[in-house]
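Undergrad: For reference, the file start23.cif (mmCIF, C-alpha atoms (C1' of nucleotides)) is included below:
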```cif
data_target
loop_
_atom_site.label_atom_id
_atom_site.label_comp_id
_atom_site.auth_asym_id
_atom_site.auth_seq_id
_atom_site.Cartn_x
_atom_site.Cartn_y
_atom_site.Cartn_z
CA MET S 1 -1.42 29.12 -24.52
CA GLU S 2 -4.81 27.54 -23.89
CA LEU S 3 -5.70 26.15 -20.49
CA ALA S 4 -6.06 22.57 -21.73
CA ALA S 5 -2.57 22.57 -23.27
CA ALA S 6 -1.13 24.33 -20.26
CA LYS S 7 -2.54 21.71 -17.90
CA LEU S 8 -0.97 18.90 -19.89
CA LYS S 9 2.33 20.71 -19.92
CA PHE S 10 2.21 21.35 -16.20
CA ILE S 11 1.40 17.72 -15.40
CA GLU S 12 4.19 16.56 -17.66
CA ALA S 13 6.74 18.95 -16.17
CA TRP S 14 5.79 18.06 -12.62
CA GLY S 15 6.05 14.35 -13.44
CA LYS S 16 9.47 14.80 -14.96
CA LEU S 17 10.74 16.79 -12.01
CA GLY S 18 9.40 14.16 -9.64
CA SER S 19 11.13 11.34 -11.45
CA GLU S 20 14.42 13.23 -11.44
CA TRP S 21 14.12 13.47 -7.66
CA GLY S 22 13.29 9.86 -6.99
CA ILE S 23 9.51 10.27 -6.88
CA ASN S 24 7.36 8.00 -8.99
CA ARG S 25 6.33 9.87 -12.13
CA THR S 26 2.68 8.90 -11.87
CA MET S 27 2.55 9.99 -8.27
CA ALA S 28 3.88 13.41 -9.20
CA GLN S 29 1.38 13.65 -12.05
CA VAL S 30 -1.60 12.75 -9.89
CA HIS S 31 -0.41 15.37 -7.44
CA ALA S 32 -0.09 17.92 -10.23
CA LEU S 33 -3.58 17.13 -11.46
CA LEU S 34 -5.12 17.62 -8.03
CA LEU S 35 -3.09 20.76 -7.44
CA ILE S 36 -4.67 22.51 -10.39
CA SER S 37 -8.17 21.15 -9.83
CA PRO S 38 -10.49 23.56 -8.06
CA GLU S 39 -12.72 20.61 -7.16
CA ALA S 40 -11.88 17.34 -5.46
CA LEU S 41 -11.77 14.44 -7.94
CA THR S 42 -12.82 10.82 -7.78
CA THR S 43 -10.52 7.88 -8.50
CA GLU S 44 -12.52 7.40 -11.70
CA GLU S 45 -11.85 10.94 -12.88
CA ILE S 46 -8.16 10.68 -12.10
CA MET S 47 -7.86 7.37 -13.95
CA GLU S 48 -9.53 8.84 -16.98
CA ASN S 49 -7.65 12.11 -16.92
CA LEU S 50 -4.21 10.49 -16.77
CA SER S 51 -5.06 7.21 -18.54
CA ILE S 52 -3.96 5.00 -15.69
CA SER S 53 -5.46 1.83 -14.26
CA ARG S 54 -7.64 1.57 -11.21
CA GLY S 55 -4.97 -0.31 -9.26
CA ASN S 56 -2.34 2.25 -10.08
CA ALA S 57 -4.61 5.14 -9.18
CA ASN S 58 -5.53 3.52 -5.89
CA MET S 59 -1.97 2.85 -4.79
CA THR S 60 -0.72 6.22 -5.96
CA LEU S 61 -3.47 8.01 -4.07
CA ARG S 62 -2.64 6.04 -0.98
CA ASP S 63 1.03 6.97 -1.29
CA LEU S 64 0.17 10.62 -1.72
CA MET S 65 -1.88 10.46 1.45
CA GLY S 66 1.12 8.83 3.14
CA TRP S 67 3.18 11.83 2.12
CA GLY S 68 0.50 14.10 3.55
CA LEU S 69 0.02 15.83 0.22
CA ILE S 70 -3.61 14.98 -0.47
CA GLU S 71 -6.71 14.12 1.54
CA LYS S 72 -9.93 12.25 1.12
CA GLN S 73 -13.15 14.15 1.10
CA HIS S 74 -16.57 12.63 1.64
CA LYS S 75 -19.46 14.34 -0.05
CA ALA S 76 -22.80 14.08 1.71
CA GLY S 77 -25.11 11.54 0.09
CA GLU S 78 -22.34 10.13 -2.11
CA ARG S 79 -20.65 6.77 -1.91
CA LYS S 80 -17.60 7.83 -3.89
CA GLU S 81 -14.44 9.14 -2.31
CA TYR S 82 -13.10 12.44 -3.52
CA PHE S 83 -9.49 13.50 -3.32
CA PHE S 84 -8.05 16.96 -3.09
CA ALA S 85 -4.58 18.40 -2.69
CA ASP S 86 -3.46 21.02 -0.24
CA LYS S 87 -2.96 24.04 -2.48
CA ASP S 88 -0.57 25.87 -0.17
CA VAL S 89 2.79 25.48 -1.84
CA TRP S 90 4.70 26.27 1.33
CA ASN S 91 2.84 23.49 3.15
CA ILE S 92 3.71 21.14 0.30
CA ALA S 93 7.39 22.04 0.48
CA ARG S 94 7.40 21.58 4.23
CA GLN S 95 5.58 18.29 4.00
CA VAL S 96 8.03 16.92 1.43
CA ALA S 97 10.98 18.20 3.46
CA LYS S 98 9.56 16.59 6.58
CA GLU S 99 9.04 13.20 4.98
CA ARG S 100 12.37 13.08 3.18
CA LYS S 101 14.16 14.18 6.33
CA LYS S 102 12.52 11.38 8.24
CA ARG S 103 12.83 8.71 5.55
CA GLU S 104 16.30 9.51 4.21
CA LEU S 105 18.33 12.09 6.08
CA GLU S 106 17.78 10.61 9.54
CA PRO S 107 18.74 7.04 8.59
CA VAL S 108 21.90 8.38 6.97
CA LEU S 109 22.76 10.44 10.04
CA LYS S 110 22.32 7.31 12.11
CA VAL S 111 24.74 5.33 9.94
CA LEU S 112 27.25 8.18 9.90
CA ASN S 113 27.25 8.28 13.67
CA GLU S 114 27.90 4.56 13.85
CA LEU S 115 30.70 4.93 11.33
CA SER S 116 32.46 7.66 13.24
CA SER S 117 33.38 5.15 15.92
CA VAL S 118 35.43 3.08 13.47
CA THR S 119 38.55 1.59 15.02
CA GLY S 120 42.03 0.81 13.69
CA ASN S 121 45.58 2.00 13.39
CA GLU S 122 45.39 5.78 13.75
CA LYS S 123 48.41 6.21 11.48
CA ASP S 124 46.80 4.35 8.59
CA PRO S 125 46.04 6.84 5.78
CA GLU S 126 43.00 4.74 4.89
CA LEU S 127 41.57 5.21 8.35
CA ILE S 128 42.48 8.88 8.50
CA THR S 129 40.78 9.65 5.19
CA PHE S 130 37.75 7.61 6.11
CA LYS S 131 37.27 9.34 9.43
CA LYS S 132 37.74 12.76 7.93
CA SER S 133 35.17 12.17 5.21
CA VAL S 134 32.64 10.75 7.61
CA ALA S 135 33.15 13.61 10.05
CA ASP S 136 32.82 16.26 7.34
CA ILE S 137 29.67 14.73 5.90
CA ASN S 138 28.27 14.38 9.37
CA LYS S 139 28.79 18.05 10.03
CA LEU S 140 27.18 19.12 6.78
CA ALA S 141 24.25 16.76 7.24
CA GLY S 142 23.78 18.07 10.76
CA ASN S 143 23.56 21.63 9.46
CA VAL S 144 21.07 20.62 6.80
CA ASP S 145 19.04 18.85 9.46
CA LYS S 146 18.96 21.91 11.69
CA THR S 147 17.94 24.15 8.82
CA LEU S 148 15.13 21.81 7.81
CA GLU S 149 14.00 21.66 11.41
CA THR S 150 13.65 25.43 11.37
CA MET S 151 11.92 25.40 8.03
CA LEU S 152 9.35 22.92 9.30
CA LYS S 153 8.32 25.27 12.06
CA ALA S 154 8.50 28.45 10.05
CA GLU S 155 6.05 30.60 8.19
CA GLU S 156 6.93 31.05 4.55
CA SER S 157 7.29 34.82 4.57
CA TRP S 158 9.46 34.76 7.68
CA PHE S 159 11.66 32.00 6.31
CA TRP S 160 12.41 33.53 2.94
CA GLY S 161 12.52 37.00 4.41
CA SER S 162 15.31 35.88 6.73
CA VAL S 163 17.21 33.78 4.26
CA LEU S 164 17.15 36.26 1.43
CA LYS S 165 17.95 39.22 3.65
CA VAL S 166 21.12 37.47 4.79
CA PHE S 167 22.11 36.80 1.23
CA LYS S 168 21.50 40.30 -0.03
CA MET K 169 33.65 -1.38 13.98
CA GLU K 170 36.59 -2.35 11.78
CA LEU K 171 37.62 -0.16 8.87
CA ALA K 172 36.83 -2.79 6.24
CA ALA K 173 33.27 -3.24 7.48
CA ALA K 174 32.84 0.49 7.91
CA LYS K 175 33.88 1.13 4.32
CA LEU K 176 31.34 -1.35 3.02
CA LYS K 177 28.64 0.20 5.14
CA PHE K 178 29.53 3.70 4.01
CA ILE K 179 29.49 2.72 0.34
CA GLU K 180 26.17 0.99 0.78
CA ALA K 181 24.60 3.93 2.61
CA TRP K 182 25.85 6.45 0.07
CA GLY K 183 24.52 4.29 -2.76
CA LYS K 184 21.13 4.01 -1.14
CA LEU K 185 20.92 7.74 -0.51
CA GLY K 186 21.89 8.42 -4.09
CA SER K 187 19.24 6.15 -5.51
CA GLU K 188 16.58 7.75 -3.32
CA TRP K 189 17.54 11.09 -4.81
CA GLY K 190 17.51 10.02 -8.45
CA ILE K 191 21.22 9.29 -8.75
CA ASN K 192 22.34 5.95 -10.11
CA ARG K 193 23.30 3.71 -7.21
CA THR K 194 26.56 2.60 -8.80
CA MET K 195 27.56 6.16 -9.48
CA ALA K 196 27.03 7.07 -5.84
CA GLN K 197 29.00 4.01 -4.76
CA VAL K 198 31.94 4.78 -7.00
CA HIS K 199 31.90 8.29 -5.63
CA ALA K 200 31.81 6.95 -2.07
CA LEU K 201 34.72 4.66 -2.77
CA LEU K 202 36.86 7.46 -4.15
CA LEU K 203 35.80 9.77 -1.35
CA ILE K 204 37.30 7.50 1.29
CA SER K 205 40.40 6.53 -0.71
CA PRO K 206 43.52 8.46 0.21
CA GLU K 207 45.01 7.45 -3.14
CA ALA K 208 43.65 7.85 -6.65
CA LEU K 209 42.38 4.53 -8.06
CA THR K 210 42.46 2.92 -11.48
CA THR K 211 39.40 1.70 -13.36
CA GLU K 212 40.64 -1.81 -12.66
CA GLU K 213 40.74 -1.25 -8.91
CA ILE K 214 37.30 0.30 -8.89
CA MET K 215 35.85 -2.58 -10.92
CA GLU K 216 37.32 -5.08 -8.54
CA ASN K 217 36.39 -3.24 -5.38
CA LEU K 218 32.74 -2.85 -6.32
CA SER K 219 32.40 -5.94 -8.53
CA ILE K 220 31.24 -4.04 -11.57
CA SER K 221 32.06 -4.46 -15.24
CA ARG K 222 34.56 -2.46 -17.20
CA GLY K 223 31.86 -0.80 -19.27
CA ASN K 224 29.89 0.19 -16.24
CA ALA K 225 32.96 1.56 -14.48
CA ASN K 226 33.95 3.54 -17.52
CA MET K 227 30.56 5.16 -18.04
CA THR K 228 30.06 5.83 -14.35
CA LEU K 229 33.46 7.50 -14.09
CA ARG K 230 32.64 9.62 -17.10
CA ASP K 231 29.34 10.67 -15.53
CA LEU K 232 31.04 11.55 -12.28
CA MET K 233 33.48 13.73 -14.18
CA GLY K 234 30.48 15.34 -15.90
CA TRP K 235 29.10 16.20 -12.47
CA GLY K 236 32.48 17.68 -11.56
CA LEU K 237 32.84 15.32 -8.60
CA ILE K 238 35.96 13.43 -9.63
CA GLU K 239 39.01 14.04 -11.78
CA LYS K 240 41.55 12.07 -13.75
CA GLN K 241 45.10 11.99 -12.61
CA HIS K 242 48.05 10.95 -14.72
CA LYS K 243 50.96 9.41 -12.96
CA ALA K 244 54.38 9.97 -14.49
CA GLY K 245 55.66 6.93 -16.37
CA GLU K 246 52.30 5.14 -16.18
CA ARG K 247 49.85 4.39 -18.92
CA LYS K 248 46.89 3.89 -16.62
CA GLU K 249 44.48 6.62 -15.68
CA TYR K 250 43.87 7.24 -12.02
CA PHE K 251 40.73 8.80 -10.60
CA PHE K 252 40.30 10.77 -7.43
CA ALA K 253 37.43 12.61 -5.79
CA ASP K 254 37.42 16.10 -4.43
CA LYS K 255 37.34 15.48 -0.67
CA ASP K 256 35.93 18.86 0.28
CA VAL K 257 32.35 18.14 1.24
CA TRP K 258 31.26 21.74 0.79
CA ASN K 259 32.61 21.71 -2.74
CA ILE K 260 30.71 18.49 -3.38
CA ALA K 261 27.47 19.97 -2.09
CA ARG K 262 27.96 23.07 -4.19
CA GLN K 263 28.80 21.07 -7.27
CA VAL K 264 25.69 18.90 -6.92
CA ALA K 265 23.55 21.96 -6.24
CA LYS K 266 24.99 23.68 -9.29
CA GLU K 267 24.35 20.76 -11.62
CA ARG K 268 20.86 20.00 -10.39
CA LYS K 269 19.94 23.66 -10.56
CA LYS K 270 21.08 23.79 -14.14
CA ARG K 271 19.66 20.43 -15.21
CA GLU K 272 16.36 20.48 -13.34
CA LEU K 273 15.40 23.70 -11.61
CA GLU K 274 16.10 25.97 -14.53
CA PRO K 275 14.10 23.96 -17.09
CA VAL K 276 11.17 23.89 -14.67
CA LEU K 277 11.37 27.64 -14.12
CA LYS K 278 11.31 28.08 -17.88
CA VAL K 279 8.15 25.99 -18.23
CA LEU K 280 6.49 27.75 -15.31
CA ASN K 281 7.11 31.09 -16.92
CA GLU K 282 5.56 29.93 -20.16
CA LEU K 283 2.59 28.58 -18.26
CA SER K 284 1.94 31.81 -16.43
CA SER K 285 0.83 33.38 -19.71
CA VAL K 286 -2.04 30.93 -20.08
CA THR K 287 -5.17 32.49 -21.61
CA GLY K 288 -8.88 31.88 -21.12
CA ASN K 289 -11.99 33.03 -19.36
CA GLU K 290 -10.80 34.83 -16.24
CA LYS K 291 -13.94 33.78 -14.39
CA ASP K 292 -13.33 30.08 -14.94
CA PRO K 293 -12.41 28.44 -11.61
CA GLU K 294 -10.21 26.02 -13.51
CA LEU K 295 -8.17 28.88 -14.90
CA ILE K 296 -8.07 30.73 -11.61
CA THR K 297 -6.79 27.70 -9.71
CA PHE K 298 -4.28 26.90 -12.40
CA LYS K 299 -2.83 30.39 -12.47
CA LYS K 300 -2.65 30.58 -8.71
CA SER K 301 -0.78 27.28 -8.41
CA VAL K 302 1.65 28.17 -11.15
CA ALA K 303 2.29 31.60 -9.66
CA ASP K 304 2.86 30.19 -6.17
CA ILE K 305 5.23 27.50 -7.36
CA ASN K 306 7.03 30.06 -9.47
CA LYS K 307 7.59 32.25 -6.47
CA LEU K 308 8.89 29.41 -4.32
CA ALA K 309 11.14 28.10 -7.08
CA GLY K 310 12.47 31.62 -7.58
CA ASN K 311 13.42 31.86 -3.91
CA VAL K 312 15.09 28.47 -4.00
CA ASP K 313 16.99 29.57 -7.09
CA LYS K 314 18.22 32.76 -5.42
CA THR K 315 19.32 30.88 -2.34
CA LEU K 316 21.22 28.31 -4.37
CA GLU K 317 22.84 31.11 -6.30
CA THR K 318 24.14 32.52 -3.05
CA MET K 319 25.25 29.13 -1.85
CA LEU K 320 27.26 28.57 -5.02
CA LYS K 321 29.29 31.69 -4.36
CA ALA K 322 29.62 31.26 -0.63
CA GLU K 323 32.21 29.85 1.70
CA GLU K 324 30.90 27.10 3.89
CA SER K 325 31.52 28.74 7.23
CA TRP K 326 29.94 31.99 6.12
CA PHE K 327 26.92 30.22 4.67
CA TRP K 328 26.07 28.09 7.66
CA GLY K 329 27.06 30.82 10.05
CA SER K 330 24.51 33.12 8.47
CA VAL K 331 21.76 30.57 8.04
CA LEU K 332 22.01 29.09 11.48
CA LYS K 333 22.35 32.45 13.20
CA VAL K 334 19.07 33.55 11.69
CA PHE K 335 17.38 30.40 12.87
CA LYS K 336 18.66 30.55 16.39
"C1'" DA O 337 -29.87 -10.88 3.99
"C1'" DT O 338 -28.84 -9.13 -0.52
"C1'" DA O 339 -26.92 -6.71 -4.04
"C1'" DA O 340 -25.15 -2.64 -5.90
"C1'" DA O 341 -21.49 0.66 -5.45
"C1'" DC O 342 -17.32 1.28 -4.49
"C1'" DT O 343 -12.23 0.16 -2.87
"C1'" DT O 344 -8.25 -2.72 -2.30
"C1'" DT O 345 -5.07 -6.33 -3.39
"C1'" DC O 346 -1.55 -8.63 -5.84
"C1'" DA O 347 0.29 -11.94 -9.32
"C1'" DA O 348 1.33 -11.31 -13.89
"C1'" DT O 349 3.01 -8.20 -17.37
"C1'" DA O 350 5.13 -4.22 -19.22
"C1'" DA O 351 8.26 -0.48 -19.18
"C1'" DT O 352 12.34 1.46 -17.80
"C1'" DT O 353 16.87 1.56 -16.14
"C1'" DT O 354 21.20 -0.49 -15.38
"C1'" DT O 355 24.84 -3.59 -16.41
"C1'" DT O 356 27.58 -6.56 -19.06
"C1'" DG O 357 31.32 -7.86 -22.03
"C1'" DA O 358 33.25 -8.39 -26.30
"C1'" DA O 359 34.68 -5.74 -30.12
"C1'" DA O 360 36.37 -1.48 -31.78
"C1'" DG O 361 39.16 2.40 -30.87
"C1'" DT O 362 43.23 4.91 -29.14
"C1'" DT O 363 47.75 5.83 -27.40
"C1'" DT O 364 52.43 4.86 -26.53
"C1'" DA O 365 56.92 2.65 -26.67
"C1'" DA O 366 60.19 0.47 -29.22
"C1'" DT B 367 55.03 0.07 -38.36
"C1'" DT B 368 53.55 -3.05 -34.81
"C1'" DA B 369 51.76 -4.68 -30.84
"C1'" DA B 370 50.84 -4.22 -26.13
"C1'" DA B 371 48.36 -1.50 -22.83
"C1'" DC B 372 44.75 0.71 -22.04
"C1'" DT B 373 39.92 3.11 -22.94
"C1'" DT B 374 35.48 3.52 -25.09
"C1'" DT B 375 31.30 1.99 -27.18
"C1'" DC B 376 26.91 -0.10 -27.50
"C1'" DA B 377 23.69 -3.98 -28.52
"C1'" DA B 378 22.02 -7.46 -25.82
"C1'" DA B 379 20.78 -9.22 -21.22
"C1'" DA B 380 19.62 -8.61 -16.53
"C1'" DA B 381 17.68 -6.25 -12.86
"C1'" DT B 382 14.58 -3.18 -11.12
"C1'" DT B 383 10.47 -0.58 -10.92
"C1'" DA B 384 5.85 0.56 -12.36
"C1'" DT B 385 1.38 -0.79 -14.12
"C1'" DT B 386 -2.49 -3.54 -15.15
"C1'" DG B 387 -6.89 -5.66 -14.34
"C1'" DA B 388 -9.59 -9.08 -12.57
"C1'" DA B 389 -10.87 -11.04 -8.31
"C1'" DA B 390 -11.58 -10.38 -3.54
"C1'" DG B 391 -13.01 -7.33 -0.06
"C1'" DT B 392 -15.86 -3.74 2.05
"C1'" DT B 393 -19.60 -0.66 2.87
"C1'" DT B 394 -24.16 1.04 2.49
"C1'" DA B 395 -29.07 1.18 1.38
"C1'" DT B 396 -33.05 -1.24 1.28
#
```
Would it be possible to restate this file's structure as structure tokens?

TA:
Amino acid sequence: MELAAAKLKFIEAWGKLGSEWGINRTMAQVHALLLISPEALTTEEIMENLSISRGNANMTLRDLMGWGLIEKQHKAGERKEYFFADKDVWNIARQVAKERKKRELEPVLKVLNELSSVTGNEKDPELITFKKSVADINKLAGNVDKTLETMLKAEESWFWGSVLKVFK
Amino acid sequence: MELAAAKLKFIEAWGKLGSEWGINRTMAQVHALLLISPEALTTEEIMENLSISRGNANMTLRDLMGWGLIEKQHKAGERKEYFFADKDVWNIARQVAKERKKRELEPVLKVLNELSSVTGNEKDPELITFKKSVADINKLAGNVDKTLETMLKAEESWFWGSVLKVFK
DNA sequence: ATAAACTTTCAATAATTTTTGAAAGTTTAA
DNA sequence: TTAAACTTTCAAAAATTATTGAAAGTTTAT
């Protein structure tokens, strides 16, 4: 396959994966584009490359910066802003894990903790089932949280080395 | 907190989490409802409880069965179909991991493998960057795949025991 | 100060996803 | 059979989410 076709396919696949995981398709595509660009790109170039509007490009780039996945670059003697993506895939994975943990897992853990103090007739099957489910989910979520915490601090080779060795 | 309020809060939280992870909010809510119900429920009861239409309930229940998260139950001497959710949270996690691996990770791995055979001028920075990104993502995705594979076969206590021991 | 170069905002519009509900389909009991 | 009880389908409507693009805002060079 030619590079041009491969790029399109990569951007499309990355966008699809993103949308399946609750990430705006365009955002995933802009990220994909910057990931495979050796050079930083301007808003203009991104707009053109993906056929998106200026407003869309601007907001998407801002979001990507909010996720810590891309950065602005200023070139000496140029007015334009250039954007580039961190190319280290392990950093990307960690960054996404970090943000989703903060934005989604932690709020859920908070709610689960509140819910575990539910009151009522301790003989009521409704209450028993409710408490059991909440407690079980809480435990699982806690384990996920601990594992992510470790992942965030870890080096890639150490992390996978450890995990895969255990699972041999 | 009272049980009734706690139930509402749980269903709401589960629905929100689902939608953030690309799962239809209603589907997550129906799952939540069944998860905390000691008894199997009819379509009618689910419709009423969540204020959703018959069509929506029917399709959502079918989807949940497709994900292997709930099952039909037939009660002797009754025409109605009852639905109940597997209450084992580890089973649920495994089931979701299994389905998402099959539906999303595997197709992406397939595309990545195709893309790694991209051709062109080996000196071209565009090609070099592209190949590097694809190779790196491929490696990471492969490790995730292997880990999920292990998780699918594992018992909960063994899995977390191993993972958390390593990360101590 | 001015204006060109560039970025940001946001109300309106478009696209996508979800939901409805009535009609069609199926099963069962008598 | 028939008809009641129940389930499924799917086109249309509603709700949600994403995108546009022009106007407003900002920065920089002169």

Undergrad: Written as an NGL selection string, which residues does the PyMOL selection byres ((chain K) within 8 of (chain B)) give for the file shown?

TA: :K and (226 or 247-248)

Undergrad: Any chance you can output those residues with C-alpha atoms as a PDB file, in the frame of the given file?

TA:
```pdb
ATOM      1  CA  ASN K 226      33.950   3.540 -17.520  1.00  0.00           C
ATOM      2  CA  ARG K 247      49.850   4.390 -18.920  1.00  0.00           C
ATOM      3  CA  LYS K 248      46.890   3.890 -16.620  1.00  0.00           C
TER       4      LYS K 248
END
```

Undergrad: Considering only C-alpha atoms (C1' of nucleotides), give me a table of residues in chain O that are at most 12 Å from chain K, with the closest atom pair and distance in Å for each, as CSV.

TA:
```
residue,atom,partner,partner_atom,distance
O:DT353,C1',K:Asn192,CA,9.2
O:DT354,C1',K:Asn192,CA,8.4
O:DT355,C1',K:Asn224,CA,6.3
O:DT356,C1',K:Ser221,CA,6.3
O:DG357,C1',K:Gly223,CA,7.6
O:DA358,C1',K:Gly223,CA,10.4
O:DT363,C1',K:Arg247,CA,8.9
O:DT364,C1',K:Arg247,CA,8.0
O:DA365,C1',K:Arg247,CA,10.6
```

Undergrad: Here is a test: counting only C-alpha atoms, which residue of S:Thr150, S:Leu69, S:Lys102, S:Leu3 is nearest to Ala28 in chain S?

TA: S:Leu69

Undergrad: CA of Leu202 in chain K to CA of Trp182 in chain K: how many Å, to one decimal?

TA: 11.8 Å

Undergrad: Can you check which residues of chain K have any atom within 8 Å of chain S? Use only C-alpha atoms and format it as a ChimeraX atom specification.

TA: /K:169-171,174-175,178,181,185,187-190,203-206,255,257-258,272,276,279-280,283,285-288,293-295,297-298,301,304-305,308,311,314-315,318,328,330-332,334-335

Undergrad: Between CA of Lys266 in chain K and CA of Asp145 in chain S, what distance in Å does the model show, to one decimal?

TA: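 CA of Asp145 in chain S lies 20.3 Å from CA of Lys266 in chain K.
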
Undergrad: For CA of Ser219 in chain K and CA of Phe251 in chain K, determine how far apart the two atoms are, in Å to one decimal place.

TA: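 Here the two named atoms are 17.1 Å from each other.
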
Undergrad: For Gly68 in chain S, which residue out of S:His31, S:Trp158, S:Asn113, S:Leu50 is the nearest one, using all atoms listed in the file?

TA: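 Ranking S:His31, S:Trp158, S:Asn113, S:Leu50 by distance to Gly68 in chain S, first place goes to S:His31.
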
Undergrad: Pick the closest to Gln197 in chain K from K:Glu180, K:Glu246, K:Asp254, K:Glu274: which is it, counting only C-alpha atoms?

TA: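 That would be K:Glu180, the residue with the smallest distance to Gln197 in chain K.
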
Undergrad: So that all listed atoms of range 225-228 of chain K fit with 5 Å spare on each side, what axis-aligned box centre and edge lengths in Å, to one decimal, would you give as JSON?

TA:
```
{"center_x": 32.0, "center_y": 3.7, "center_z": -16.2, "size_x": 13.9, "size_y": 14.3, "size_z": 13.7}
```
